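The file entry-v8.tsv contains TSV, C-alpha atoms:
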```tsv
chain	number	residue	atom	x	y	z
A	153	MET	CA	40.01	11.08	-28.44
A	154	THR	CA	42.24	13.97	-27.34
A	155	GLY	CA	42.24	15.52	-23.87
A	156	TYR	CA	42.34	19.21	-22.98
A	157	ASP	CA	42.03	21.31	-19.87
A	158	VAL	CA	39.19	23.37	-21.35
A	159	ILE	CA	37.09	23.14	-24.51
A	160	VAL	CA	35.47	26.39	-25.61
A	161	ILE	CA	32.37	25.93	-27.78
A	162	GLY	CA	31.82	28.98	-29.97
A	163	VAL	CA	34.73	31.21	-31.01
A	164	GLY	CA	32.98	34.54	-31.52
A	165	GLY	CA	33.46	37.62	-29.37
A	166	MET	CA	33.24	35.81	-26.04
A	167	GLY	CA	34.85	32.55	-27.11
A	168	ALA	CA	37.90	33.95	-28.89
A	169	LEU	CA	38.85	36.06	-25.88
A	170	ALA	CA	38.12	33.16	-23.51
A	171	CYS	CA	40.52	30.96	-25.52
A	172	ARG	CA	43.18	33.65	-25.32
A	173	GLU	CA	42.71	34.17	-21.56
A	174	LEU	CA	42.82	30.44	-20.81
A	175	ALA	CA	45.87	29.81	-22.98
A	176	ARG	CA	47.82	32.72	-21.51
A	177	ARG	CA	47.21	31.15	-18.08
A	178	GLY	CA	48.86	27.95	-19.29
A	179	ALA	CA	45.77	25.84	-20.00
A	180	ARG	CA	45.54	23.37	-22.90
A	181	VAL	CA	42.65	24.93	-24.83
A	182	LEU	CA	40.56	23.77	-27.77
A	183	GLY	CA	38.14	26.22	-29.40
A	184	LEU	CA	35.42	24.71	-31.58
A	185	GLU	CA	33.58	26.98	-34.04
A	186	GLN	CA	30.89	25.66	-36.37
A	187	PHE	CA	31.44	28.40	-38.97
A	188	ALA	CA	34.52	30.22	-40.24
A	189	LEU	CA	36.42	32.25	-37.67
A	190	GLY	CA	35.20	35.84	-37.69
A	191	HIS	CA	31.92	34.94	-39.42
A	192	SER	CA	28.93	37.29	-39.63
A	193	LEU	CA	26.09	34.84	-38.91
A	194	GLY	CA	25.68	35.39	-35.18
A	195	SER	CA	26.13	38.39	-32.88
A	196	SER	CA	29.78	39.43	-33.24
A	197	HIS	CA	29.71	41.54	-36.37
A	198	GLY	CA	28.29	44.80	-37.72
A	199	GLU	CA	31.19	47.25	-37.45
A	200	THR	CA	30.51	48.83	-34.03
A	201	ARG	CA	29.10	48.18	-30.56
A	202	LEU	CA	28.43	50.76	-27.86
A	203	TYR	CA	30.34	50.75	-24.62
A	204	ARG	CA	29.03	52.81	-21.73
A	205	ARG	CA	29.23	52.82	-17.94
A	206	THR	CA	26.09	54.78	-17.01
A	207	TYR	CA	24.35	51.45	-17.28
A	208	PHE	CA	20.60	52.00	-17.32
A	209	GLU	CA	19.83	48.27	-17.24
A	210	SER	CA	21.25	47.96	-13.71
A	211	PRO	CA	24.01	49.60	-11.65
A	212	GLN	CA	25.28	46.07	-10.92
A	213	TYR	CA	26.89	46.04	-14.36
A	214	VAL	CA	29.01	49.15	-13.76
A	215	PRO	CA	32.01	47.42	-12.08
A	216	LEU	CA	31.99	44.79	-14.84
A	217	VAL	CA	31.93	47.26	-17.70
A	218	THR	CA	34.61	49.35	-16.00
A	219	ARG	CA	36.85	46.29	-15.76
A	220	ALA	CA	35.94	45.33	-19.33
A	221	LEU	CA	37.20	48.67	-20.64
A	222	GLU	CA	40.48	48.25	-18.72
A	223	LEU	CA	40.90	44.87	-20.40
A	224	TRP	CA	40.07	46.24	-23.86
A	225	ARG	CA	42.86	48.77	-23.37
A	226	GLU	CA	45.24	45.97	-22.36
A	227	LEU	CA	44.28	44.05	-25.50
A	228	GLU	CA	44.97	47.17	-27.56
A	229	ALA	CA	48.43	47.45	-26.03
A	230	GLU	CA	49.18	43.78	-26.63
A	231	SER	CA	47.90	43.72	-30.21
A	232	GLY	CA	48.86	47.22	-31.33
A	233	ARG	CA	45.36	47.70	-32.76
A	234	THR	CA	42.60	50.18	-31.88
A	235	LEU	CA	39.55	48.49	-30.39
A	236	ALA	CA	37.73	51.08	-28.23
A	237	VAL	CA	37.05	54.60	-29.52
A	238	GLU	CA	35.91	57.25	-27.02
A	239	THR	CA	33.26	59.53	-28.53
A	240	GLY	CA	30.87	60.32	-25.70
A	241	LEU	CA	27.27	59.15	-25.64
A	242	VAL	CA	24.10	61.26	-25.67
A	243	LEU	CA	21.04	59.54	-24.17
A	244	CYS	CA	17.65	61.19	-24.65
A	245	GLY	CA	14.15	60.38	-23.48
A	246	PRO	CA	10.80	61.88	-22.51
A	247	PRO	CA	10.12	62.94	-18.91
A	248	GLY	CA	10.40	59.86	-16.70
A	249	SER	CA	12.34	57.89	-19.33
A	250	ALA	CA	13.57	54.59	-17.87
A	251	VAL	CA	16.70	54.84	-20.01
A	252	VAL	CA	17.73	58.32	-18.86
A	253	SER	CA	16.72	57.86	-15.22
A	254	GLY	CA	18.42	54.45	-15.10
A	255	ALA	CA	21.63	55.85	-16.57
A	256	ARG	CA	21.57	58.72	-14.09
A	257	ALA	CA	21.01	56.30	-11.18
A	258	ALA	CA	23.98	54.17	-12.26
A	259	ALA	CA	26.17	57.25	-12.59
A	260	LEU	CA	25.23	58.54	-9.14
A	261	ALA	CA	25.63	55.12	-7.52
A	262	HIS	CA	29.18	54.76	-8.83
A	263	GLY	CA	30.36	58.37	-9.00
A	264	LEU	CA	30.57	58.41	-12.80
A	265	PRO	CA	30.87	61.69	-14.70
A	266	PHE	CA	27.86	62.86	-16.68
A	267	ASP	CA	26.31	66.07	-17.93
A	268	ARG	CA	22.69	67.15	-18.32
A	269	LEU	CA	21.44	69.19	-21.25
A	270	ASP	CA	18.11	70.61	-22.32
A	271	ALA	CA	16.79	70.49	-25.88
A	272	ARG	CA	18.11	73.94	-26.77
A	273	HIS	CA	21.63	73.18	-25.60
A	274	LEU	CA	21.53	69.81	-27.34
A	275	GLY	CA	20.96	71.58	-30.65
A	276	GLU	CA	23.82	73.97	-29.94
A	277	CYS	CA	26.28	71.25	-28.92
A	278	PHE	CA	25.18	68.51	-31.31
A	279	PRO	CA	23.22	69.92	-34.26
A	280	GLU	CA	22.89	66.43	-35.75
A	281	LEU	CA	20.50	65.51	-32.92
A	282	SER	CA	17.03	66.84	-32.06
A	283	VAL	CA	14.47	66.15	-29.33
A	284	PRO	CA	11.15	67.64	-28.18
A	285	PRO	CA	11.53	70.60	-25.77
A	286	ASP	CA	10.57	68.67	-22.64
A	287	TRP	CA	12.87	65.67	-23.15
A	288	GLU	CA	15.63	64.78	-20.69
A	289	ILE	CA	19.20	64.46	-21.94
A	290	LEU	CA	22.20	62.82	-20.30
A	291	VAL	CA	25.70	62.96	-21.77
A	292	GLU	CA	28.30	60.36	-20.76
A	293	PRO	CA	31.60	61.91	-21.89
A	294	ASP	CA	33.82	58.83	-21.65
A	295	ALA	CA	31.55	56.36	-23.47
A	296	GLY	CA	32.16	55.29	-27.05
A	297	PHE	CA	32.21	52.27	-29.30
A	298	LEU	CA	34.12	49.06	-29.94
A	299	ARG	CA	35.23	48.00	-33.41
A	300	VAL	CA	33.52	44.64	-33.20
A	301	GLU	CA	35.20	42.69	-36.01
A	302	GLU	CA	38.59	44.02	-34.92
A	303	CYS	CA	37.90	42.82	-31.37
A	304	VAL	CA	37.11	39.31	-32.58
A	305	SER	CA	40.12	39.28	-34.89
A	306	VAL	CA	42.42	40.31	-32.06
A	307	GLY	CA	40.94	37.63	-29.82
A	308	ILE	CA	41.61	34.95	-32.44
A	309	GLU	CA	45.13	36.22	-33.14
A	310	LEU	CA	46.12	36.43	-29.48
A	311	ALA	CA	44.51	33.07	-28.63
A	312	ARG	CA	46.61	31.35	-31.27
A	313	ARG	CA	49.71	33.28	-30.21
A	314	ALA	CA	49.17	32.06	-26.65
A	315	GLY	CA	48.90	28.45	-27.83
A	316	ALA	CA	45.16	27.78	-28.11
A	317	GLU	CA	44.07	25.29	-30.77
A	318	LEU	CA	41.12	26.59	-32.82
A	319	LEU	CA	39.04	24.38	-35.11
A	320	PRO	CA	36.66	26.30	-37.42
A	321	GLY	CA	34.01	24.49	-39.44
A	322	THR	CA	33.40	22.10	-36.54
A	323	THR	CA	29.88	21.65	-35.20
A	324	VAL	CA	29.39	20.24	-31.71
A	325	ARG	CA	26.70	17.57	-31.69
A	326	GLU	CA	26.62	16.59	-28.03
A	327	LEU	CA	28.10	17.67	-24.71
A	328	GLN	CA	28.02	15.49	-21.61
A	329	GLN	CA	29.33	15.59	-18.09
A	330	ASP	CA	31.81	12.72	-17.74
A	331	GLY	CA	32.69	12.16	-14.10
A	332	ALA	CA	34.46	15.32	-13.01
A	333	GLY	CA	35.06	16.36	-16.63
A	334	VAL	CA	33.24	16.59	-19.94
A	335	ARG	CA	33.01	14.80	-23.28
A	336	VAL	CA	32.28	16.60	-26.51
A	337	TRP	CA	31.17	14.93	-29.72
A	338	SER	CA	31.78	17.01	-32.84
A	339	ASP	CA	32.21	16.77	-36.60
A	340	ALA	CA	35.97	16.57	-35.96
A	341	GLY	CA	35.63	13.69	-33.52
A	342	GLU	CA	35.29	13.17	-29.79
A	343	PHE	CA	37.17	15.28	-27.26
A	344	ARG	CA	37.56	15.18	-23.49
A	345	ALA	CA	38.38	18.02	-21.10
A	346	GLU	CA	38.26	18.95	-17.46
A	347	ARG	CA	35.83	21.77	-18.25
A	348	ALA	CA	33.79	23.10	-21.16
A	349	ILE	CA	32.75	26.69	-21.75
A	350	VAL	CA	29.55	27.05	-23.78
A	351	CYS	CA	29.41	30.40	-25.59
A	352	PRO	CA	27.98	29.79	-29.10
A	353	GLY	CA	25.53	32.69	-28.97
A	354	ALA	CA	22.20	31.91	-30.59
A	355	TRP	CA	23.11	28.22	-30.83
A	356	ALA	CA	23.50	27.77	-27.05
A	357	SER	CA	20.06	26.28	-26.36
A	358	SER	CA	20.79	22.94	-28.02
A	359	LEU	CA	23.82	22.38	-25.77
A	360	LEU	CA	22.33	23.49	-22.46
A	361	GLY	CA	19.65	20.86	-21.90
A	362	PRO	CA	16.78	22.09	-19.68
A	363	LEU	CA	18.56	25.39	-19.02
A	364	GLY	CA	18.42	26.13	-22.74
A	365	ARG	CA	14.65	26.45	-22.55
A	366	VAL	CA	14.92	29.86	-20.86
A	367	LEU	CA	16.64	31.34	-23.93
A	368	GLU	CA	14.85	33.05	-26.81
A	369	VAL	CA	16.59	34.15	-30.01
A	370	ARG	CA	15.49	37.33	-31.78
A	371	ARG	CA	16.31	38.60	-35.26
A	372	LYS	CA	17.72	42.15	-35.23
A	373	VAL	CA	18.53	44.41	-38.17
A	374	LEU	CA	21.41	46.90	-38.30
A	375	LEU	CA	20.99	49.77	-40.78
A	376	TRP	CA	23.44	52.14	-42.44
A	377	LEU	CA	21.68	55.30	-43.63
A	378	SER	CA	22.51	58.13	-45.97
A	379	ALA	CA	23.49	61.36	-44.17
A	380	ASP	CA	24.82	64.82	-44.84
A	381	ALA	CA	28.52	64.29	-45.53
A	382	ALA	CA	29.44	66.97	-42.98
A	383	ALA	CA	27.24	65.48	-40.23
A	384	HIS	CA	28.02	62.91	-37.52
A	385	ARG	CA	31.71	63.04	-38.39
A	386	LEU	CA	33.81	60.95	-36.03
A	387	GLU	CA	36.87	63.13	-36.58
A	388	ALA	CA	34.84	66.24	-35.69
A	389	GLY	CA	33.85	64.82	-32.29
A	390	ALA	CA	30.34	63.55	-33.09
A	391	PRO	CA	28.98	61.34	-30.27
A	392	ALA	CA	27.20	58.03	-30.20
A	393	PHE	CA	23.53	58.51	-29.33
A	394	GLY	CA	20.39	56.81	-28.08
A	395	PHE	CA	16.71	57.79	-28.03
A	396	ASP	CA	14.11	56.27	-25.71
A	397	ALA	CA	11.54	56.88	-28.45
A	398	PRO	CA	7.85	55.88	-28.60
A	399	GLU	CA	8.84	53.29	-31.21
A	400	GLY	CA	11.46	51.73	-28.91
A	401	PHE	CA	15.07	52.34	-27.92
A	402	VAL	CA	17.02	53.48	-31.00
A	403	TYR	CA	20.78	53.96	-30.97
A	404	GLY	CA	23.44	55.05	-33.44
A	405	PHE	CA	27.09	55.91	-33.98
A	406	PRO	CA	29.29	58.58	-35.48
A	407	ALA	CA	29.92	58.14	-39.20
A	408	LEU	CA	32.93	55.93	-39.90
A	409	ALA	CA	32.62	56.85	-43.58
A	410	ALA	CA	31.44	60.26	-44.76
A	411	GLY	CA	27.71	60.35	-45.44
A	412	VAL	CA	26.86	56.99	-43.86
A	413	VAL	CA	25.53	56.56	-40.30
A	414	LYS	CA	24.72	53.29	-38.52
A	415	LEU	CA	21.38	53.13	-36.70
A	416	ALA	CA	19.52	50.25	-35.02
A	417	MET	CA	16.41	49.48	-33.00
A	418	HIS	CA	17.32	47.70	-29.75
A	419	SER	CA	13.73	46.90	-28.78
A	420	GLY	CA	11.61	44.06	-30.11
A	421	GLY	CA	12.66	41.69	-32.87
A	422	ASP	CA	11.11	38.61	-34.45
A	423	VAL	CA	11.54	35.36	-32.52
A	424	VAL	CA	13.81	32.87	-34.29
A	425	THR	CA	13.14	29.16	-33.90
A	426	ASP	CA	16.23	27.99	-35.80
A	427	PRO	CA	19.25	30.34	-35.85
A	428	SER	CA	20.61	28.50	-38.89
A	429	GLN	CA	17.51	29.46	-40.91
A	430	VAL	CA	17.29	33.24	-40.45
A	431	ASP	CA	15.89	35.58	-43.09
A	432	ARG	CA	18.78	37.96	-43.71
A	433	SER	CA	17.01	40.08	-46.30
A	434	LEU	CA	15.71	43.58	-45.50
A	435	ARG	CA	11.94	43.49	-45.06
A	436	ALA	CA	9.49	46.39	-45.08
A	437	GLU	CA	8.65	45.86	-41.41
A	438	ASP	CA	12.34	46.15	-40.50
A	439	THR	CA	12.27	49.85	-41.32
A	440	ALA	CA	8.66	50.77	-40.50
A	441	TRP	CA	9.83	52.79	-37.48
A	442	LEU	CA	12.57	54.59	-39.38
A	443	PRO	CA	10.83	57.63	-40.98
A	444	ALA	CA	9.26	58.85	-37.73
A	445	VAL	CA	12.48	58.47	-35.72
A	446	VAL	CA	14.62	60.18	-38.36
A	447	ALA	CA	12.13	63.04	-38.78
A	448	ARG	CA	11.91	63.63	-35.02
A	449	HIS	CA	15.52	63.14	-33.95
A	450	LEU	CA	18.03	63.10	-36.82
A	451	PRO	CA	17.67	66.19	-39.03
A	452	ARG	CA	20.81	65.49	-41.08
A	453	ILE	CA	20.01	61.86	-41.92
A	454	THR	CA	17.58	60.57	-44.54
A	455	PRO	CA	15.65	57.29	-44.10
A	456	GLU	CA	17.50	55.86	-47.11
A	457	VAL	CA	19.13	52.50	-46.31
A	458	VAL	CA	22.60	52.19	-47.84
A	459	ARG	CA	23.18	48.67	-46.50
A	460	HIS	CA	22.02	46.40	-43.70
A	461	ARG	CA	23.09	43.38	-41.67
A	462	VAL	CA	21.11	40.92	-39.56
A	463	CYS	CA	22.37	39.82	-36.17
A	464	LEU	CA	20.88	37.72	-33.38
A	465	TYR	CA	19.99	38.57	-29.80
A	466	THR	CA	19.81	35.63	-27.38
A	467	MET	CA	17.47	36.75	-24.63
A	468	THR	CA	16.98	35.60	-21.05
A	469	PRO	CA	13.64	36.22	-19.27
A	470	ASP	CA	15.16	38.99	-17.12
A	471	GLU	CA	17.56	40.24	-19.86
A	472	ASP	CA	20.56	39.60	-17.60
A	473	PHE	CA	23.33	37.26	-18.75
A	474	LEU	CA	23.78	33.56	-18.01
A	475	LEU	CA	27.29	33.34	-16.58
A	476	GLY	CA	28.41	30.49	-14.37
A	477	PRO	CA	28.27	26.70	-13.99
A	478	ASP	CA	25.33	24.81	-15.46
A	479	PRO	CA	23.26	23.85	-12.38
A	480	GLU	CA	22.96	20.25	-13.63
A	481	ARG	CA	26.53	19.88	-14.97
A	482	PRO	CA	29.06	21.78	-12.85
A	483	SER	CA	31.92	21.05	-15.27
A	484	VAL	CA	30.06	23.04	-17.95
A	485	ILE	CA	30.53	26.81	-17.70
A	486	VAL	CA	27.77	28.81	-19.39
A	487	ALA	CA	28.35	32.18	-21.04
A	488	ALA	CA	25.15	32.86	-22.97
A	489	GLY	CA	21.94	34.85	-23.08
A	490	PHE	CA	23.62	38.24	-23.48
A	491	SER	CA	20.29	39.80	-24.46
A	492	GLY	CA	21.62	42.33	-26.94
A	493	HIS	CA	23.89	44.21	-24.56
A	494	GLY	CA	26.73	41.77	-23.95
A	495	PHE	CA	29.49	42.41	-26.46
A	496	LYS	CA	31.09	45.29	-24.56
A	497	PHE	CA	31.64	42.82	-21.69
A	498	ALA	CA	33.43	40.18	-23.80
A	499	SER	CA	36.84	40.97	-22.33
A	500	VAL	CA	35.69	40.66	-18.73
A	501	ILE	CA	33.47	37.66	-19.49
A	502	ALA	CA	36.61	35.92	-20.81
A	503	GLU	CA	38.39	36.70	-17.56
A	504	ALA	CA	35.44	35.43	-15.52
A	505	VAL	CA	34.94	32.13	-17.36
A	506	ALA	CA	38.68	31.42	-17.35
A	507	GLY	CA	38.67	31.80	-13.58
A	508	LEU	CA	35.63	29.56	-13.23
A	509	ALA	CA	37.08	26.89	-15.50
A	510	LEU	CA	40.55	26.79	-13.97
A	511	THR	CA	39.95	27.51	-10.28
A	512	GLY	CA	36.18	27.22	-9.80
A	513	ALA	CA	36.13	30.72	-8.34
A	514	ALA	CA	33.64	33.28	-9.61
A	515	ALA	CA	34.43	36.95	-9.20
A	516	ALA	CA	32.03	38.67	-6.81
A	517	GLY	CA	30.75	41.00	-9.52
A	518	VAL	CA	29.25	38.21	-11.64
A	519	ARG	CA	27.31	36.26	-9.03
A	520	PHE	CA	24.02	37.98	-9.88
A	521	LEU	CA	24.32	36.44	-13.36
A	522	SER	CA	24.44	32.81	-12.16
A	523	PRO	CA	22.30	30.37	-14.21
A	524	ALA	CA	21.13	28.92	-10.88
A	525	ARG	CA	18.56	31.74	-10.66
A	526	PHE	CA	16.45	29.90	-13.27
A	527	VAL	CA	16.46	26.47	-11.61
A	528	GLU	CA	12.89	26.76	-10.34
A	529	SER	CA	11.46	28.07	-13.61
A	530	VAL	CA	13.23	25.32	-15.57
A	531	ALA	CA	11.84	22.68	-13.22
A	532	ALA	CA	8.34	24.12	-13.54
A	533	SER	CA	8.52	23.86	-17.34
A	534	GLU	CA	9.30	20.13	-17.33
```

I'd like the structure from this file rewritten - as structure tokens, please.
Amino acid sequence: MTGYDVIVIGVGGMGALACRELARRGARVLGLEQFALGHSLGSSHGETRLYRRTYFESPQYVPLVTRALELWRELEAESGRTLAVETGLVLCGPPGSAVVSGARAAALAHGLPFDRLDARHLGECFPELSVPPDWEILVEPDAGFLRVEECVSVGIELARRAGAELLPGTTVRELQQDGAGVRVWSDAGEFRAERAIVCPGAWASSLLGPLGRVLEVRRKVLLWLSADAAAHRLEAGAPAFGFDAPEGFVYGFPALAAGVVKLAMHSGGDVVTDPSQVDRSLRAEDTAWLPAVVARHLPRITPEVVRHRVCLYTMTPDEDFLLGPDPERPSVIVAAGFSGHGFKFASVIAEAVAGLALTGAAAAGVRFLSPARFVESVAASE
């Protein structure tokens, strides 16, 4: 049995950067990953992820995402690789749209720049996009996307460079509080540490005891569609976009390859009982919403799927993250339940969990995400 300062369980987007942050602070770090490093079976794959600061979910996230972007830029400087690409983001919705009004409220609360367009001006500025005449449109000029696999790769590279030990192909079977520290039983043996950070995405429930019961995993499908080769061109300044459509919230990206545009439905998703047994094929119901959305909003795209990927959302009841000590095991730091909007925060989550693991201090901006908010509901379910 080998001892460490911190064991990180799950070396995806959150875990890789957490290993790097801990190691650069001088901690003895072990990262345990059940699959290959950089795998595509969870939530840290699929080419791109949006980043945005006009955060319609809640203005409370704005300081965190602002800090996250600062940290992504620092990681770019350290690695010499491009991670965050500024494209602007166009958000559209019908009158009273929760998405548009929420984004506007976040922008006003934090003094963020944004522009408002009407449908006519949208067509003039961005002919690839279309909305009904009465829809509201908000443009966030400094939003963009993260290159998700590149972010994970950089996290792994810099974690190892800083001295973290990473063990892929190692499944954790049990995690226990052991006095003031923790014990971890895995396929590679038994390990002991002062703290553990649990961030295995859709596999978190099995390691979180009663707290794990608040999490629900959903199957989500990412689609790459055929488009006019001259449309949505990243190099021509095409923006990322989102529609608060009747079918649900649909979002997409500029084309990274000519004639191919990524699109996804954020809303809904089938509940997954076992994340290791997910149907990764493309089913008819996965694209049932597609023709109507394309016809209404994307005049230069056809509803022809070029390729697809399946990823997993791990949802909390309030769709806010779980970030902080496990209420029953204070030596276990939880970073889970990112509810489909967490990846952009991976850099600042790593900073937060490193602080919690090494000093016990949580930054003020993450306190609203404490797992302790579910103590009563967990107790009621027993």

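Residue nearest Cys351 (chain A) within the list A:Leu377, A:Met166, A:Ala388, A:Leu274: A:Met166 [criterion: smallest interatomic distance, all atoms listed in the file].
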
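For Leu298 (chain A), the non-local neighbours within 8 Å, defined as residues at least 4 positions apart in the same chain or in other chains and counting all atoms listed in the file, are Thr200, Arg201, Leu202, Tyr203, Leu235, Ala236, Val237, Cys303 and Lys496 of chain A.
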
Writer output for current selection, C-alpha atoms, as an mmCIF file, keeping the file's coordinate frame:
```cif
data_model
loop_
_atom_site.group_PDB
_atom_site.id
_atom_site.type_symbol
_atom_site.label_atom_id
_atom_site.label_comp_id
_atom_site.auth_asym_id
_atom_site.auth_seq_id
_atom_site.Cartn_x
_atom_site.Cartn_y
_atom_site.Cartn_z
ATOM 1 C CA THR A 200 30.510 48.830 -34.030
ATOM 2 C CA ARG A 201 29.100 48.180 -30.560
ATOM 3 C CA LEU A 202 28.430 50.760 -27.860
ATOM 4 C CA TYR A 203 30.340 50.750 -24.620
ATOM 5 C CA LEU A 235 39.550 48.490 -30.390
ATOM 6 C CA ALA A 236 37.730 51.080 -28.230
ATOM 7 C CA VAL A 237 37.050 54.600 -29.520
ATOM 8 C CA CYS A 303 37.900 42.820 -31.370
ATOM 9 C CA LYS A 496 31.090 45.290 -24.560
#
```

With distances taken over all atoms listed in the file, the candidate from A:Leu464, A:Ala250, A:Ala440, A:Ala410 nearest Val424 (chain A) is A:Leu464

Problem set entry | Residue neighbourhood Gly232 (chain A), 12 Å, only C-alpha atoms, exclusion window fewer than 3 positions, as an MDAnalysis selection string | chainID A and resid 224:229 235 302:303 306 309:310

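Counting all atoms listed in the file, the residue from A:Leu374, A:Leu367, A:Ala261, A:Leu319 that sits nearest to Ala188 (chain A) is A:Leu319.
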
Using all atoms listed in the file, the residue out of A:Ala524, A:Val402, A:Leu174, A:Leu260 with shortest distance to Ala311 (chain A) is A:Leu174

Handout entry: Who sits within 10 Å of Gln328 (chain A), only C-alpha atoms, same chain under 5 positions skipped, as a ChimeraX atom specification
Key = /A:333-337,344,348,359-361,481,483-484

Dump as an mmCIF file, in the coordinates of the input, selection limited to C-alpha atoms:
```
data_model
loop_
_atom_site.group_PDB
_atom_site.id
_atom_site.type_symbol
_atom_site.label_atom_id
_atom_site.label_comp_id
_atom_site.auth_asym_id
_atom_site.auth_seq_id
_atom_site.Cartn_x
_atom_site.Cartn_y
_atom_site.Cartn_z
ATOM 1 C CA GLY A 333 35.060 16.360 -16.630
ATOM 2 C CA VAL A 334 33.240 16.590 -19.940
ATOM 3 C CA ARG A 335 33.010 14.800 -23.280
ATOM 4 C CA VAL A 336 32.280 16.600 -26.510
ATOM 5 C CA TRP A 337 31.170 14.930 -29.720
ATOM 6 C CA ARG A 344 37.560 15.180 -23.490
ATOM 7 C CA ALA A 348 33.790 23.100 -21.160
ATOM 8 C CA LEU A 359 23.820 22.380 -25.770
ATOM 9 C CA LEU A 360 22.330 23.490 -22.460
ATOM 10 C CA GLY A 361 19.650 20.860 -21.900
ATOM 11 C CA ARG A 481 26.530 19.880 -14.970
ATOM 12 C CA SER A 483 31.920 21.050 -15.270
ATOM 13 C CA VAL A 484 30.060 23.040 -17.950
#
```

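For the pair CA of Leu386 (chain A) and CA of Pro406 (chain A), the separation is 5.1 Å.
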
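Minimum distance to Ser499 (chain A) across A:Leu223, A:Val283, A:Val458, A:Leu450 (counting only C-alpha atoms) occurs at A:Leu223.
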
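Proximity ranking of A:Glu230, A:Ala416, A:Glu222, A:Gly389 relative to Cys277 (chain A) places A:Gly389 first, based on only C-alpha atoms.
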